[in-house]
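Asker: Enclosed is the structure file entry22.txt (compact mmCIF, C-alpha atoms).
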# COMPACT_ATOMS: atom_id res chain seq x y z
CA MET A 117 110.52 95.01 89.25
CA ASP A 118 107.71 94.64 91.74
CA PHE A 119 108.81 92.57 94.71
CA LYS A 120 105.41 92.65 96.41
CA LYS A 121 103.63 91.42 93.29
CA GLN A 122 106.19 88.64 92.72
CA PHE A 123 105.86 87.57 96.34
CA SER A 124 102.05 87.37 96.33
CA GLU A 125 102.21 85.54 92.99
CA GLY A 126 104.65 82.97 94.32
CA LEU A 127 102.78 82.49 97.57
CA LEU A 128 99.20 82.43 96.28
CA THR A 129 98.00 83.58 92.87
CA LYS A 130 100.71 81.78 90.87
CA ASN A 131 101.77 79.26 93.51
CA PRO A 132 103.85 76.55 91.78
CA VAL A 133 101.97 73.73 93.55
CA THR A 134 98.38 74.86 93.97
CA VAL A 135 97.95 76.97 90.81
CA GLN A 136 100.60 75.98 88.28
CA LEU A 137 100.38 72.32 89.42
CA LEU A 138 104.12 71.85 88.86
CA GLY A 139 106.32 69.46 90.84
CA MET A 140 103.39 67.18 91.66
CA CYS A 141 105.61 64.09 91.87
CA SER A 142 107.75 65.39 94.72
CA THR A 143 104.76 67.04 96.40
CA LEU A 144 102.79 63.80 96.58
CA ALA A 145 105.76 61.58 97.38
CA ILE A 146 107.54 63.33 100.23
CA THR A 147 104.86 65.18 102.19
CA THR A 148 104.63 62.61 104.98
CA SER A 149 106.41 64.50 107.77
CA LEU A 150 107.25 68.09 108.58
CA PHE A 151 110.99 67.56 108.21
CA ASN A 152 110.58 66.18 104.69
CA GLY A 153 108.55 69.21 103.65
CA ILE A 154 111.02 71.73 105.02
CA GLY A 155 114.04 69.82 103.66
CA MET A 156 112.66 69.43 100.16
CA GLY A 157 111.36 73.01 100.15
CA LEU A 158 114.75 74.45 101.12
CA ALA A 159 116.67 72.26 98.66
CA VAL A 160 114.40 73.26 95.76
CA THR A 161 114.50 76.94 96.75
CA ILE A 162 118.31 77.00 96.75
CA ILE A 163 118.58 75.25 93.38
CA LEU A 164 115.81 77.44 91.97
CA ILE A 165 117.64 80.65 92.92
CA CYS A 166 120.99 79.41 91.53
CA SER A 167 119.61 78.12 88.25
CA ASN A 168 117.38 81.18 87.76
CA VAL A 169 120.36 83.52 88.23
CA LEU A 170 122.69 81.60 85.88
CA ILE A 171 120.09 81.02 83.19
CA SER A 172 119.05 84.65 83.33
CA ALA A 173 122.71 85.72 82.99
CA LEU A 174 123.15 83.42 79.97
CA ARG A 175 119.77 84.15 78.38
CA LYS A 176 121.26 86.16 75.49
CA VAL A 177 123.99 83.60 74.79
CA ILE A 178 121.84 80.47 74.57
CA PRO A 179 120.15 80.06 71.15
CA ASN A 180 116.41 79.58 71.37
CA GLN A 181 116.40 76.19 69.61
CA ILE A 182 118.62 74.44 72.15
CA ARG A 183 117.48 76.23 75.29
CA ILE A 184 115.78 73.26 76.96
CA ALA A 185 118.87 71.06 76.60
CA ALA A 186 121.05 73.89 77.90
CA TYR A 187 118.77 74.58 80.90
CA ILE A 188 118.61 70.94 81.90
CA THR A 189 122.41 70.66 81.69
CA ILE A 190 122.81 73.71 83.92
CA ILE A 191 120.19 72.53 86.44
CA ALA A 192 121.59 68.98 86.59
CA GLY A 193 125.09 70.43 87.02
CA PHE A 194 123.98 72.58 89.97
CA VAL A 195 122.13 69.72 91.60
CA THR A 196 125.12 67.40 91.27
CA VAL A 197 127.52 69.98 92.71
CA VAL A 198 125.20 70.58 95.67
CA ASP A 199 124.75 66.83 96.14
CA LEU A 200 128.52 66.11 96.13
CA ALA A 201 129.28 69.07 98.39
CA LEU A 202 126.66 67.97 100.93
CA GLN A 203 127.94 64.38 100.88
CA ALA A 204 131.51 65.50 101.47
CA PHE A 205 131.14 68.38 103.91
CA ILE A 206 127.75 68.06 105.66
CA PRO A 207 127.17 64.28 105.68
CA ALA A 208 124.43 64.48 108.35
CA LEU A 209 122.30 66.75 106.17
CA SER A 210 123.08 64.62 103.14
CA THR A 211 121.80 61.45 104.83
CA SER A 212 118.53 63.09 105.73
CA LEU A 213 118.07 64.95 102.42
CA GLY A 214 119.86 62.38 100.25
CA VAL A 215 116.78 60.99 98.57
CA PHE A 216 115.39 64.43 97.69
CA ILE A 217 118.42 65.94 96.03
CA PRO A 218 118.45 63.92 92.77
CA LEU A 219 114.67 64.45 92.55
CA ILE A 220 115.24 68.17 92.10
CA VAL A 221 116.63 67.73 88.56
CA VAL A 222 113.31 66.35 87.41
CA ASN A 223 111.26 68.83 89.42
CA CYS A 224 109.49 70.78 86.70
CA ILE A 225 109.24 73.90 88.87
CA VAL A 226 112.94 74.56 88.27
CA LEU A 227 112.72 74.10 84.49
CA GLY A 228 109.33 75.84 84.44
CA ARG A 229 110.70 79.02 86.05
CA ALA A 230 113.81 78.92 83.83
CA GLU A 231 111.61 78.75 80.75
CA SER A 232 108.84 81.16 81.74
CA PHE A 233 110.73 83.71 83.83
CA ALA A 234 114.53 83.58 83.97
CA SER A 235 114.91 83.35 80.17
CA LYS A 236 112.98 86.62 79.75
CA ASN A 237 114.03 88.72 82.77
CA GLY A 238 117.11 90.23 84.37
CA VAL A 239 119.37 88.54 86.92
CA LEU A 240 118.04 90.34 90.00
CA ALA A 241 114.38 89.85 89.09
CA SER A 242 115.10 86.17 88.40
CA ALA A 243 116.75 85.74 91.79
CA VAL A 244 113.70 87.31 93.46
CA ASP A 245 111.46 85.05 91.39
CA GLY A 246 113.45 82.02 92.57
CA ILE A 247 113.03 83.09 96.21
CA CYS A 248 109.29 83.81 95.88
CA GLN A 249 108.45 80.64 93.94
CA GLY A 250 110.61 78.63 96.34
CA ILE A 251 108.75 80.05 99.34
CA GLY A 252 105.42 79.30 97.66
CA TYR A 253 106.48 75.71 97.02
CA THR A 254 107.79 75.28 100.58
CA VAL A 255 104.62 76.71 102.16
CA ALA A 256 102.37 74.45 100.07
CA LEU A 257 104.52 71.45 101.00
CA ILE A 258 104.51 72.29 104.70
CA ILE A 259 100.70 72.66 104.81
CA THR A 260 100.26 69.31 103.03
CA CYS A 261 102.84 67.68 105.32
CA VAL A 262 101.27 68.92 108.54
CA VAL A 263 97.79 67.71 107.55
CA ARG A 264 98.97 64.31 106.28
CA GLU A 265 101.26 63.70 109.23
CA LEU A 266 98.55 64.63 111.75
CA LEU A 267 95.88 62.44 110.14
CA GLY A 268 98.18 59.62 109.09
CA SER A 269 100.66 59.25 111.95
CA GLY A 270 98.95 61.38 114.60
CA THR A 271 102.08 63.46 115.17
CA PHE A 272 103.40 66.96 114.53
CA GLY A 273 106.98 67.76 113.55
CA GLY A 274 108.09 64.25 112.57
CA GLY A 275 111.81 63.94 111.86
CA LEU A 276 112.43 67.29 113.52
CA LEU A 277 110.97 67.66 117.02
CA ASN A 278 111.19 65.33 120.03
CA GLY A 279 114.29 63.49 118.76
CA GLY A 280 112.75 62.79 115.36
CA ASN A 281 109.63 61.09 116.73
CA GLY A 282 107.42 64.16 116.50
CA ILE A 283 104.92 65.27 119.13
CA THR A 284 102.05 62.79 119.42
CA ILE A 285 98.68 64.50 119.14
CA ILE A 286 96.40 61.61 118.15
CA PRO A 287 97.26 58.42 120.07
CA SER A 288 98.20 55.18 118.38
CA PRO A 289 95.14 53.23 117.16
CA PHE A 290 93.29 56.26 115.68
CA PRO A 291 95.47 57.78 112.92
CA ALA A 292 94.52 56.56 109.43
CA MET A 293 97.64 55.04 107.87
CA GLN A 294 96.21 55.64 104.39
CA MET A 295 96.83 59.36 104.78
CA VAL A 296 100.62 58.93 104.55
CA MET A 297 100.16 56.49 101.64
CA PRO A 298 99.76 57.83 98.06
CA VAL A 299 95.95 57.99 98.31
CA GLY A 300 96.21 60.40 101.24
CA GLY A 301 98.58 62.57 99.23
CA PHE A 302 96.04 63.00 96.44
CA LEU A 303 93.20 63.65 98.92
CA VAL A 304 95.03 66.24 100.98
CA LEU A 305 96.54 67.98 97.94
CA GLY A 306 93.03 68.31 96.48
CA PHE A 307 91.80 70.02 99.64
CA VAL A 308 94.87 72.26 99.82
CA ILE A 309 94.27 73.39 96.21
CA ALA A 310 90.56 73.95 96.95
CA GLY A 311 91.46 75.93 100.05
CA SER A 312 93.88 78.18 98.20
CA GLN A 313 91.28 78.78 95.46
CA LYS A 314 88.74 79.77 98.10
CA LEU A 315 91.25 82.10 99.74
CA MET A 316 91.94 83.77 96.38
CA LYS A 317 88.20 84.24 95.75
CA VAL A 318 87.71 85.80 99.17
CA LEU A 319 90.63 88.19 98.66
CA GLU A 320 89.32 89.12 95.21
CA MET A 321 85.87 89.91 96.59
CA LYS A 322 87.43 92.09 99.28
CA ASN A 323 89.41 94.00 96.67
CA LYS A 324 86.28 94.52 94.56
CA LYS A 325 84.32 95.80 97.53
CA LYS A 326 87.13 98.18 98.35
CA GLU A 327 87.12 99.53 94.81
CA ALA A 328 83.32 99.81 94.77
CA ALA A 329 83.46 101.79 98.00
CA LYS A 330 85.83 104.24 96.33
CA MET B 47 118.05 80.57 61.42
CA LYS B 48 119.46 84.02 60.81
CA THR B 49 118.56 85.29 57.32
CA ASN B 50 122.06 85.37 55.81
CA GLU B 51 123.26 82.17 57.50
CA SER B 52 123.92 78.90 55.63
CA LEU B 53 122.45 75.65 56.97
CA PHE B 54 125.94 74.44 57.85
CA HIS B 55 126.67 77.52 59.95
CA TYR B 56 123.29 77.32 61.61
CA VAL B 57 123.74 73.70 62.71
CA ALA B 58 127.37 74.30 63.70
CA ARG B 59 126.42 77.34 65.81
CA LEU B 60 123.80 75.39 67.78
CA ALA B 61 125.98 72.32 68.21
CA LEU B 62 129.03 74.31 69.30
CA THR B 63 127.06 76.38 71.81
CA LEU B 64 125.63 73.26 73.40
CA LEU B 65 129.06 71.62 73.31
CA ALA B 66 130.53 74.63 75.09
CA ILE B 67 127.86 74.59 77.82
CA THR B 68 128.12 70.84 78.43
CA SER B 69 131.94 71.03 78.43
CA VAL B 70 131.98 73.81 81.01
CA VAL B 71 129.49 71.93 83.21
CA ALA B 72 131.47 68.69 82.82
CA ALA B 73 134.72 70.47 83.72
CA ILE B 74 133.15 72.02 86.83
CA LEU B 75 131.72 68.65 87.88
CA ALA B 76 135.10 66.97 87.35
CA GLY B 77 136.73 69.62 89.54
CA VAL B 78 134.13 69.31 92.29
CA ASN B 79 134.30 65.53 92.12
CA SER B 80 138.09 65.45 92.48
CA VAL B 81 137.81 67.57 95.65
CA THR B 82 134.89 65.70 97.20
CA ALA B 83 135.53 62.08 96.12
CA PRO B 84 138.29 61.30 98.68
CA ARG B 85 136.27 62.85 101.52
CA ILE B 86 133.11 60.97 100.51
CA ALA B 87 135.08 57.71 100.31
CA SER B 88 136.62 58.17 103.76
CA LEU B 89 133.26 59.12 105.29
CA LYS B 90 131.73 56.02 103.73
CA GLU B 91 134.51 53.85 105.14
CA GLN B 92 133.98 55.46 108.56
CA LYS B 93 130.25 54.71 108.36
CA LEU B 94 130.97 51.10 107.42
CA GLN B 95 133.34 50.69 110.38
CA ASN B 96 130.71 52.21 112.72
CA ALA B 97 128.12 49.76 111.42
CA ILE B 98 130.48 46.83 112.00
CA GLU B 99 131.24 48.03 115.55
CA ALA B 100 127.50 48.45 116.20
CA VAL B 101 126.54 44.89 115.28
CA LEU B 102 129.75 43.08 116.30
CA PRO B 103 131.26 44.18 119.63
CA GLY B 104 135.01 44.55 119.18
CA GLY B 105 134.79 44.77 115.40
CA GLY B 106 136.37 42.31 112.99
CA GLN B 107 138.66 41.66 110.04
CA GLU B 108 137.47 41.08 106.50
CA VAL B 109 137.55 37.38 105.51
CA SER B 110 136.68 35.45 102.36
CA PHE B 111 133.31 33.69 102.28
CA THR B 112 131.02 31.40 100.31
CA ASP B 113 127.48 32.47 99.56
CA GLU B 114 124.61 30.81 97.70
CA THR B 115 122.04 33.60 97.99
CA GLY B 116 123.97 36.21 96.00
CA MET B 117 123.15 38.88 98.62
CA VAL B 118 126.27 38.71 100.79
CA THR B 119 128.84 41.30 99.75
CA LYS B 120 131.37 41.27 102.61
CA VAL B 121 132.08 39.26 105.74
CA TYR B 122 134.04 40.46 108.78
CA LYS B 123 135.13 37.96 111.43
CA GLY B 124 135.64 38.97 115.05
CA ASP B 125 135.86 37.37 118.49
CA ALA B 126 132.10 37.57 119.06
CA GLY B 127 131.11 36.18 115.64
CA TYR B 128 130.57 37.64 112.20
CA ALA B 129 129.48 40.99 110.80
CA ILE B 130 128.00 40.25 107.40
CA GLN B 131 127.22 42.89 104.82
CA VAL B 132 124.20 41.98 102.70
CA ALA B 133 122.50 43.86 99.87
CA PRO B 134 118.90 42.66 99.31
CA SER B 135 116.56 44.52 96.93
CA GLY B 136 114.11 46.82 98.67
CA PHE B 137 111.33 49.02 97.34
CA GLY B 138 113.52 51.73 95.81
CA GLY B 139 116.73 49.81 95.11
CA THR B 140 119.39 47.98 97.05
CA VAL B 141 119.29 48.12 100.85
CA THR B 142 122.84 47.70 102.13
CA MET B 143 122.84 46.34 105.67
CA MET B 144 125.31 45.07 108.24
CA VAL B 145 124.09 42.02 110.14
CA GLY B 146 125.84 40.74 113.26
CA VAL B 147 125.66 37.00 113.97
CA ASP B 148 127.25 35.42 117.05
CA THR B 149 129.13 32.12 117.12
CA GLU B 150 125.90 30.23 117.96
CA GLY B 151 124.01 31.62 114.96
CA LYS B 152 121.99 34.18 116.93
CA LEU B 153 121.51 37.73 115.64
CA LEU B 154 123.55 40.37 117.46
CA GLY B 155 122.11 43.35 115.65
CA VAL B 156 121.14 44.93 112.35
CA GLN B 157 122.27 48.26 110.88
CA VAL B 158 121.22 49.81 107.58
CA VAL B 159 124.30 51.29 105.90
CA SER B 160 122.65 52.81 102.82
CA HIS B 161 119.29 52.62 101.09
CA SER B 162 116.95 54.52 98.80
CA GLU B 163 113.60 53.64 100.38
CA THR B 164 110.68 56.08 100.59
CA ALA B 165 111.17 58.75 103.24
CA GLY B 166 108.74 58.32 106.12
CA LEU B 167 107.83 54.74 105.16
CA GLY B 168 110.59 52.31 104.14
CA ALA B 169 113.30 54.71 105.30
CA VAL B 170 112.11 54.10 108.88
CA ALA B 171 114.22 50.91 108.73
CA ALA B 172 117.33 53.12 108.85
CA ASP B 173 115.97 55.92 111.08
CA THR B 174 117.18 56.52 114.63
CA THR B 175 113.60 57.28 115.74
CA ASP B 176 111.69 55.08 118.21
CA ALA B 177 109.93 53.27 115.34
CA GLY B 178 113.23 52.59 113.55
CA ASN B 179 115.05 51.45 116.69
CA ALA B 180 112.12 49.18 117.63
CA PHE B 181 112.10 47.63 114.17
CA ARG B 182 115.83 46.83 114.19
CA SER B 183 116.14 45.76 117.83
CA GLN B 184 113.38 43.10 117.52
CA PHE B 185 115.82 40.98 115.50
CA VAL B 186 118.36 40.68 118.31
CA GLY B 187 118.48 37.08 119.58
CA MET B 188 116.56 35.58 116.65
CA SER B 189 118.09 32.65 114.77
CA GLY B 190 117.31 30.16 112.02
CA SER B 191 115.19 32.13 109.58
CA VAL B 192 113.11 35.29 109.95
CA SER B 193 110.03 36.60 108.12
CA VAL B 194 107.33 39.23 108.65
CA THR B 195 104.06 38.33 110.41
CA LYS B 196 102.16 38.72 107.13
CA ASP B 197 104.22 35.80 105.77
CA GLY B 198 103.65 33.75 108.93
CA GLY B 199 106.84 34.84 110.67
CA GLN B 200 107.73 36.62 113.89
CA VAL B 201 108.88 40.05 112.65
CA GLU B 202 106.63 43.12 113.07
CA ALA B 203 106.87 44.86 109.68
CA ILE B 204 107.22 48.65 109.45
CA THR B 205 103.74 50.10 108.95
CA GLY B 206 103.18 50.80 105.27
CA ALA B 207 106.54 49.34 104.26
CA THR B 208 106.05 45.59 103.96
CA ILE B 209 108.35 45.36 100.95
CA THR B 210 111.22 47.05 102.80
CA SER B 211 110.60 44.85 105.84
CA ARG B 212 110.64 41.74 103.63
CA ALA B 213 113.92 42.92 102.06
CA VAL B 214 115.49 43.35 105.50
CA CYS B 215 114.32 39.82 106.45
CA ALA B 216 115.71 38.39 103.19
CA GLY B 217 119.06 40.05 103.89
CA ILE B 218 119.13 38.73 107.45
CA ASN B 219 118.29 35.21 106.26
CA ALA B 220 121.13 35.36 103.74
CA ALA B 221 123.50 36.49 106.51
CA LEU B 222 122.32 33.74 108.90
CA GLN B 223 122.78 31.14 106.17
CA CYS B 224 126.24 32.46 105.36
CA ALA B 225 127.27 32.47 109.04
CA GLU B 226 126.01 28.92 109.45
CA SER B 227 127.96 27.68 106.44
CA MET B 228 131.13 29.22 107.89
CA GLY B 229 130.55 27.72 111.34
When written as structure tokens, how does the structure in this file appear?

Answerer:
Amino acid sequence: MDFKKQFSEGLLTKNPVTVQLLGMCSTLAITTSLFNGIGMGLAVTIILICSNVLISALRKVIPNQIRIAAYITIIAGFVTVVDLALQAFIPALSTSLGVFIPLIVVNCIVLGRAESFASKNGVLASAVDGICQGIGYTVALIITCVVRELLGSGTFGGGLLNGGNGITIIPSPFPAMQMVMPVGGFLVLGFVIAGSQKLMKVLEMKNKKKEAAK
Amino acid sequence: MKTNESLFHYVARLALTLLAITSVVAAILAGVNSVTAPRIASLKEQKLQNAIEAVLPGGGQEVSFTDETGMVTKVYKGDAGYAIQVAPSGFGGTVTMMVGVDTEGKLLGVQVVSHSETAGLGAVAADTTDAGNAFRSQFVGMSGSVSVTKDGGQVEAITGATITSRAVCAGINAALQCAESMG
């Protein structure tokens, strides 16, 4: 198990959003304010860790032919338990995250990691994979959120800072509303993906130079 | 299929494994539900009472009602007027709202009880942010019928959420109509 490698894969080289292009629906739909990004990122990370651990533990019991049905049952079960528990015991969090929770079942990152990682690796490695992929997803969401919120609403930290209003950076007539609409989601996501590709290229070149110097 | 396994055993093995997994998950969900359901119900009731108090000072008692719009779900009568629960269709499903109407048919206030509108756009209608408060408070004192400026009315719609704003207006109109018919 190589924690450092898993971490850099989750954050950059195999980032679920910018490289694997999984979970596009939630990424485009909810990245309109900082709070949404953090909330969705945390919720997915928690579910991802739980489902990765359980599926990894059961990987030798579940026959190959019915694995997808079994994984979806397990994931949906986890999501429902978390949803009910939040509604009953932390209603404030449930009201603010309510719309995101059911979306997690259909978030293909969770099923994608179950299929490509947890079903082939041990429990501990799968838990680490859940954490790393979750962080990668959250970071990509937060970057998209910050850019869209700034350009679209002219604020930073909407839903979180300054009593939920966010801190106004661009005053009222200038922000382009379209940026928080679906079209802005596609635009910003494209630039975020391009940016991460560029970053990977730069890092690769650096590594090559280092090796050439040796 | 394992090499020495008959077709019947093969199918039975898969079916029983899946049955076992779904049964365990169902049992866990049933257990969790039985613990959480009463708490969720009481929290929901609490939220409903808060919404009634917010739009109808002094609260009210549930009364029977007549409704032609099909949107009114509950009516509470108090000293100051009526608190009327309406459920118009928004962008992402039903928007359940509590609308307060005084004895002269003027709006006392609007509260969104539950909804599934898009976060950051339609959900602003229920938010406690400046934008959400401004949207809801503009209704206070209005009477007759309301509609968004795009439809020639007097209500400033939430930016980027015209459908949600129209739903809120439709709900308010149903409540006003219901209050009028009850006098």

Asker: Name the closest residue to chain A among the candidates B:Gly136, B:Gly187, B:Gly199, B:Gly166; distances are taken between atoms, counting all atoms listed in the file.

Answerer: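 Using all atoms listed in the file, chain A sits closest to B:Gly166.
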
Asker: Extract, using all atoms listed in the file, all DNA, RNA and protein residues at most 7 Å from B:Lys152, discarding same-chain residues fewer than 4 positions from it, and format them as a PyMOL selection string.

Answerer: chain B and resi 147-148+187-189

Asker: Where does stretch 122-180 of chain A meet stretch 190-209 of chain A within 10 Å, residue by residue, with the nearest atom pair and distance in Å to one decimal for each, counting only C-alpha atoms, listed by chain and rising number, as a tab-separated table?

Answerer:
residue	atom	partner	partner_atom	distance
A:Gly155	CA	A:Leu209	CA	9.2
A:Ala159	CA	A:Val198	CA	9.2
A:Val160	CA	A:Val195	CA	9.5
A:Ile162	CA	A:Val198	CA	9.5
A:Ile163	CA	A:Val195	CA	6.8
A:Leu164	CA	A:Ile191	CA	8.6
A:Cys166	CA	A:Phe194	CA	7.6
A:Ser167	CA	A:Ile191	CA	5.9
A:Asn168	CA	A:Ile191	CA	9.2
A:Leu170	CA	A:Ile190	CA	8.1
A:Ile171	CA	A:Ile190	CA	7.8

Asker: Within 10 Å of stretch 267-281 of chain A, counting all atoms listed in the file, which residues show up once you throw out same-chain ones fewer than 4 positions away? Write them as a ChimeraX atom specification, please.

Answerer: /A:148-152,154,212,261-263,285-297,300,304 /B:166,173-178

Asker: Keeping only C-alpha atoms, take the residues you just selected and write them out as a short mmCIF file (atom, residue, chain, number, x, y, z; two decimals), keeping the file's coordinate frame.

Answerer:
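That gives us out-v4.cif:
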data_model
loop_
_atom_site.label_atom_id
_atom_site.label_comp_id
_atom_site.auth_asym_id
_atom_site.auth_seq_id
_atom_site.Cartn_x
_atom_site.Cartn_y
_atom_site.Cartn_z
CA THR A 148 104.63 62.61 104.98
CA SER A 149 106.41 64.50 107.77
CA LEU A 150 107.25 68.09 108.58
CA PHE A 151 110.99 67.56 108.21
CA ASN A 152 110.58 66.18 104.69
CA ILE A 154 111.02 71.73 105.02
CA SER A 212 118.53 63.09 105.73
CA CYS A 261 102.84 67.68 105.32
CA VAL A 262 101.27 68.92 108.54
CA VAL A 263 97.79 67.71 107.55
CA ILE A 285 98.68 64.50 119.14
CA ILE A 286 96.40 61.61 118.15
CA PRO A 287 97.26 58.42 120.07
CA SER A 288 98.20 55.18 118.38
CA PRO A 289 95.14 53.23 117.16
CA PHE A 290 93.29 56.26 115.68
CA PRO A 291 95.47 57.78 112.92
CA ALA A 292 94.52 56.56 109.43
CA MET A 293 97.64 55.04 107.87
CA GLN A 294 96.21 55.64 104.39
CA MET A 295 96.83 59.36 104.78
CA VAL A 296 100.62 58.93 104.55
CA MET A 297 100.16 56.49 101.64
CA GLY A 300 96.21 60.40 101.24
CA VAL A 304 95.03 66.24 100.98
CA GLY B 166 108.74 58.32 106.12
CA ASP B 173 115.97 55.92 111.08
CA THR B 174 117.18 56.52 114.63
CA THR B 175 113.60 57.28 115.74
CA ASP B 176 111.69 55.08 118.21
CA ALA B 177 109.93 53.27 115.34
CA GLY B 178 113.23 52.59 113.55
#

Asker: Residues at most 6 Å from stretch 100-115 of chain B, counting all atoms listed in the file, excluding those fewer than 4 positions away in the same chain, as a ChimeraX atom specification?

Answerer: /B:121-124,129,146,154-155,224

Asker: Of the candidates B:Met143, B:Ala87, B:Val158, B:Ala203, which one gets nearest to chain A if we count only C-alpha atoms?

Answerer: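 Among B:Met143, B:Ala87, B:Val158, B:Ala203, it is B:Ala87 that comes nearest to chain A.
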
Asker: Would you write out, as a tab-separated table, a table of all residues in chain B that have an atom no more than 9 Å from an atom of chain A, listing for each the closest atom pair and the distance in Å to one decimal, considering only C-alpha atoms and ordering rows by chain and rising residue number?

Answerer:
residue	atom	partner	partner_atom	distance
B:Arg59	CA	A:Pro179	CA	8.7
B:Leu60	CA	A:Pro179	CA	6.8
B:Ala61	CA	A:Ile182	CA	8.6
B:Thr63	CA	A:Ile178	CA	7.2
B:Leu64	CA	A:Ala186	CA	6.5
B:Ile67	CA	A:Ala186	CA	6.8
B:Thr68	CA	A:Thr189	CA	6.6
B:Val71	CA	A:Gly193	CA	6.0
B:Ala72	CA	A:Gly193	CA	7.8
B:Ile74	CA	A:Gly193	CA	8.2
B:Leu75	CA	A:Val197	CA	6.5
B:Val78	CA	A:Val197	CA	6.7
B:Asn79	CA	A:Leu200	CA	7.1
B:Val81	CA	A:Ala204	CA	8.8
B:Thr82	CA	A:Ala204	CA	5.4
B:Ala83	CA	A:Ala204	CA	7.5
B:Pro84	CA	A:Ala204	CA	8.4
B:Arg85	CA	A:Ala204	CA	5.4
B:Ile86	CA	A:Ala204	CA	4.9
B:Ala87	CA	A:Ala204	CA	8.6
B:Leu89	CA	A:Ala204	CA	7.6
B:Ser160	CA	A:Thr211	CA	8.9
B:Ser162	CA	A:Val215	CA	6.5
B:Glu163	CA	A:Val215	CA	8.2
B:Thr164	CA	A:Ile146	CA	7.9
B:Ala165	CA	A:Ile146	CA	6.6
B:Gly166	CA	A:Thr148	CA	6.0
B:Leu167	CA	A:Val296	CA	8.4
B:Asp173	CA	A:Gly280	CA	8.7
B:Thr174	CA	A:Gly280	CA	7.7
B:Thr175	CA	A:Gly280	CA	5.6
B:Asp176	CA	A:Asn281	CA	6.5
B:Ala177	CA	A:Asn281	CA	7.9
B:Thr205	CA	A:Met293	CA	7.9
B:Gly206	CA	A:Met297	CA	7.4

Asker: Write a file of the selected residues as a JSON list (two decimals), in the coordinates of the input, keeping C-alpha atoms.

Answerer:
[["chain", "number", "residue", "atom", "x", "y", "z"],
["B", 59, "ARG", "CA", 126.42, 77.34, 65.81],
["B", 60, "LEU", "CA", 123.80, 75.39, 67.78],
["B", 61, "ALA", "CA", 125.98, 72.32, 68.21],
["B", 63, "THR", "CA", 127.06, 76.38, 71.81],
["B", 64, "LEU", "CA", 125.63, 73.26, 73.40],
["B", 67, "ILE", "CA", 127.86, 74.59, 77.82],
["B", 68, "THR", "CA", 128.12, 70.84, 78.43],
["B", 71, "VAL", "CA", 129.49, 71.93, 83.21],
["B", 72, "ALA", "CA", 131.47, 68.69, 82.82],
["B", 74, "ILE", "CA", 133.15, 72.02, 86.83],
["B", 75, "LEU", "CA", 131.72, 68.65, 87.88],
["B", 78, "VAL", "CA", 134.13, 69.31, 92.29],
["B", 79, "ASN", "CA", 134.30, 65.53, 92.12],
["B", 81, "VAL", "CA", 137.81, 67.57, 95.65],
["B", 82, "THR", "CA", 134.89, 65.70, 97.20],
["B", 83, "ALA", "CA", 135.53, 62.08, 96.12],
["B", 84, "PRO", "CA", 138.29, 61.30, 98.68],
["B", 85, "ARG", "CA", 136.27, 62.85, 101.52],
["B", 86, "ILE", "CA", 133.11, 60.97, 100.51],
["B", 87, "ALA", "CA", 135.08, 57.71, 100.31],
["B", 89, "LEU", "CA", 133.26, 59.12, 105.29],
["B", 160, "SER", "CA", 122.65, 52.81, 102.82],
["B", 162, "SER", "CA", 116.95, 54.52, 98.80],
["B", 163, "GLU", "CA", 113.60, 53.64, 100.38],
["B", 164, "THR", "CA", 110.68, 56.08, 100.59],
["B", 165, "ALA", "CA", 111.17, 58.75, 103.24],
["B", 166, "GLY", "CA", 108.74, 58.32, 106.12],
["B", 167, "LEU", "CA", 107.83, 54.74, 105.16],
["B", 173, "ASP", "CA", 115.97, 55.92, 111.08],
["B", 174, "THR", "CA", 117.18, 56.52, 114.63],
["B", 175, "THR", "CA", 113.60, 57.28, 115.74],
["B", 176, "ASP", "CA", 111.69, 55.08, 118.21],
["B", 177, "ALA", "CA", 109.93, 53.27, 115.34],
["B", 205, "THR", "CA", 103.74, 50.10, 108.95],
["B", 206, "GLY", "CA", 103.18, 50.80, 105.27]]

Asker: Emit as AutoDock Vina command-line options the padded axis-aligned box for all listed atoms of stretch 189-196 of chain A, 4 Å per side, with centre and edge lengths in Å to one decimal.

Answerer:
--center_x 122.7 --center_y 70.6 --center_z 86.6 --size_x 12.9 --size_y 14.3 --size_z 17.9

Asker: Ranking A:Asn237, A:Thr129, A:Thr254, A:Gln122 by minimum distance to A:Glu320 and counting all atoms listed in the file, which one comes first?

Answerer: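 That would be A:Thr129, the residue with the smallest distance to A:Glu320.
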
Asker: Here's a test: counting only C-alpha atoms, identify every protein, DNA and RNA residue with an atom at most 7 Å from (124.0, 37.2, 103.0) in the file's coordinate frame, and state them as a VMD selection string.

Answerer: chain B and resid 113 115 117 to 118 130 to 132 217 to 221 223 to 224

Asker: Those residues with C-alpha atoms, as a compact mmCIF listing (two decimals), in the coordinates of the input please?

Answerer:
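Listing of selection-v4.txt after writing:
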# COMPACT_ATOMS: atom_id res chain seq x y z
CA ASP B 113 127.48 32.47 99.56
CA THR B 115 122.04 33.60 97.99
CA MET B 117 123.15 38.88 98.62
CA VAL B 118 126.27 38.71 100.79
CA ILE B 130 128.00 40.25 107.40
CA GLN B 131 127.22 42.89 104.82
CA VAL B 132 124.20 41.98 102.70
CA GLY B 217 119.06 40.05 103.89
CA ILE B 218 119.13 38.73 107.45
CA ASN B 219 118.29 35.21 106.26
CA ALA B 220 121.13 35.36 103.74
CA ALA B 221 123.50 36.49 106.51
CA GLN B 223 122.78 31.14 106.17
CA CYS B 224 126.24 32.46 105.36

Asker: In Å, how far is it from atom CA of B:Ala97 to atom CA of B:Val192?

Answerer: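 For atom CA of B:Ala97 relative to atom CA of B:Val192, the distance reads 20.9 Å.
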